[in-house]
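Engineer: Before I ask anything, here is the structure I am working with.
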Amino acid sequence: MNESLLSQLRPITAEEQAILDGDRRVQRELYTSRREFVVDSQKLLEKGQLIEIRPHTRFIHFPRHRHNYVELVYMCSGTTRHILNDAETVTLEEGDLLFLNQGVYHEILPAGREDIAVNFIILPEFFDRSISMIERENVLRDFLLSTLSGTGTDAHYLHIPAKKLLPVQNLMENMVWTLLHGGSNTNTLNQTTMGLMLLNLSQYAESISRDDPNRQEQNLVFLTLKYIDTHYKSGTLAEVSAQLGCPTYFLSRLLTKHAGGSFKDLLQQRKLQQAAYLLANTPLTVEAILDSIGYRNSSYFYRRFREKYGCSPVEYRNREAEKSFELPQPPRPVLRLYEQNQKGGITMKKYFTWLPALALLLTLTGCGGSIQTSPFPVTVTADSGTSVEAMLGTYTWEYEDGEEWKGMTADSDHPLWCQEWMPALDASGGTVTVSAEVAPDSITVQCWSTDDWCDADYPDGEAVETKGLTFSLREDGDYVYEVTARWNSASKWEGTAYYCFYTAAGG
């Protein structure tokens, strides 16, 4: 640590002088008014403060206690030995960090004159701004957050050897300096600094771990969470267990104990976090996002996404777009259109409600030229003679424009959540034929019972057998049908589009 800071922390405090003078007790009245030794933040923080520091009391065994706040011990020089939960002994060396949440029992063995540590007294709400700085969700961030707040995990502390992490050391010294010298906006300055430190700890997760048998479990958990963060698409428990050299059952038990979930649960959580990031920051369709994160079952994805975020993927995308562009909430589901050049750069982005968007598509496709810039309107016709124009939903489309190829993508909500805008075909049973100005090269079809309208569980669709561009309707009731049409034989354009309709016999 910087010598000028050490010189401010080294002097003997009044409490320490009393100990050196023969009063061999910790003055509990400085820390708590309770019968149980729970160090009280109200004794140590002034009103309105979220964070404060005080040098660790040396020369005496600090007895077993808890805190009603989050404590961060930073070892400035020398060493200290800590007993946690009556069982584990942790030795802090210069540069080490020790996070303790409100649930851990803590005692400290006597420290010498040059064993200088500072205790950060931190209210849990202090971390709100710091955690929000880690914009992109990941399981490592969630683990840090749950450990610090004491929610959802049995991991009551984090011991981080950070001496070799120069950015972390600089940030810790910045916080110490700010708190020693005071001034306005201290909370904001230190919340921002803490956020930067947590960002660095997430970045250097591998450096947090080292070969210390007393922290083997914590090391394994950190490395596994880092593995999940980068291998979320296809990572397996067997692969990471082999890399870490431990049995799968042992690693699975550690994750449940320390991270609050199984490997499968944490992997699914990371997939959803990545999906949310891509929805908010890229023009990829939900179908493309599913492929990029390794999901094969779209209904399961929709169900898990709604459970985590309280809305469908398209609703989430619209909500995040409104935050970014301050657009008013549209009265109908939004069809989001993007035009991209060949290199993937977005050159145009607009938002439309369903009907204006469809009108635009009809205008684009009615030009009669040889280049098709968006999907064709599709009609489904029953063998009874009734027909409807199917509702266009998600699609990807590419076309040649001069000397380069451009792309158009659009995203829509799950078919079961589009009842208000979806056309009904007056038919029950029999076959239907799919037609367009230029017929698709192939189609696939799946269906759901209309009993599942707006089902938040997003039941799996049932595959429907096709013959060319025809397929049979179910005869046991009304159903929602999703037709995936593909055009891939033209030389100057190609694409895939999803169309929906539902049957309502006699309706």
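Chain labels run A, B, ... following the order of the structure tokens; each chain numbers its residues from 1, and ligands are numbered from 1 in the order shown.
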Near stretch 283-297 of chain A, within 7 Å and counting only C-alpha atoms, which residues show up once chain neighbours fewer than 4 positions away are dropped, as a list in words?
Structural biologist: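 The residues satisfying every condition are Tyr232, Lys233, Ser234, Lys271, Ala275, Phe301, Tyr338, Thr394, Thr409, Ala410 and Asp411 of chain A.
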Engineer: Please provide the set of residues having any atom within 9 Å of A:Glu94, restricted to only C-alpha atoms, with same-chain residues fewer than 5 positions apart removed, written as an MDAnalysis selection string.
Structural biologist: chainID A and resid 1 74:79 115:117 161:163
Engineer: For a test of reading the model, state the distance in Å between atom CA of A:Trp448 and atom CA of A:Val480, rounded to one decimal.
Structural biologist: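 One can read the atom CA of A:Trp448 to atom CA of A:Val480 distance as 5.1 Å.
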Engineer: Find the residues near A:Phe127: any atom within 8 Å, counting only C-alpha atoms, skip ones fewer than 4 places away on the same chain, and give them as an mmCIF file with N, CA and C atoms, in the first residue's frame.
Structural biologist:
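Final output, saved to selection.cif:
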```cif
data_model
loop_
_atom_site.group_PDB
_atom_site.id
_atom_site.type_symbol
_atom_site.label_atom_id
_atom_site.label_comp_id
_atom_site.auth_asym_id
_atom_site.auth_seq_id
_atom_site.Cartn_x
_atom_site.Cartn_y
_atom_site.Cartn_z
ATOM 1 N N LEU A 123 -23.396 -0.912 4.138
ATOM 2 C CA LEU A 123 -24.796 -1.308 4.126
ATOM 3 C C LEU A 123 -25.117 -1.997 2.801
ATOM 4 N N ILE A 131 -23.427 -2.970 -8.412
ATOM 5 C CA ILE A 131 -23.809 -4.144 -9.184
ATOM 6 C C ILE A 131 -24.412 -3.738 -10.527
ATOM 7 N N GLN A 191 -19.266 4.052 -4.459
ATOM 8 C CA GLN A 191 -20.111 3.077 -5.150
ATOM 9 C C GLN A 191 -19.578 2.821 -6.557
ATOM 10 N N MET A 194 -16.372 0.820 -6.230
ATOM 11 C CA MET A 194 -16.682 -0.580 -5.908
ATOM 12 C C MET A 194 -17.180 -1.310 -7.148
ATOM 13 N N GLY A 195 -17.998 -0.642 -7.957
ATOM 14 C CA GLY A 195 -18.476 -1.267 -9.186
ATOM 15 C C GLY A 195 -17.333 -1.624 -10.116
#
```
Engineer: Need to verify the contact set: stretch 24-26 of chain A, 9 Å, only C-alpha atoms, exclusion of same-chain residues closer than 2 positions in sequence. Can you return it as a list of chain:residue names?
Structural biologist: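 Residues meeting the cut-off are A:Glu15, A:Ala18, A:Ile19, A:Leu20, A:Asp21, A:Gly22, A:Arg28, A:Glu29, A:Leu30, A:Thr57, A:Ile60, A:His61, A:Phe62, A:Pro63.
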Engineer: Quote the spacing between atom CA of A:Glu16 and atom CA of A:His181 in Å to one decimal place.
Structural biologist: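 Between these atoms lies a distance of 22.1 Å.
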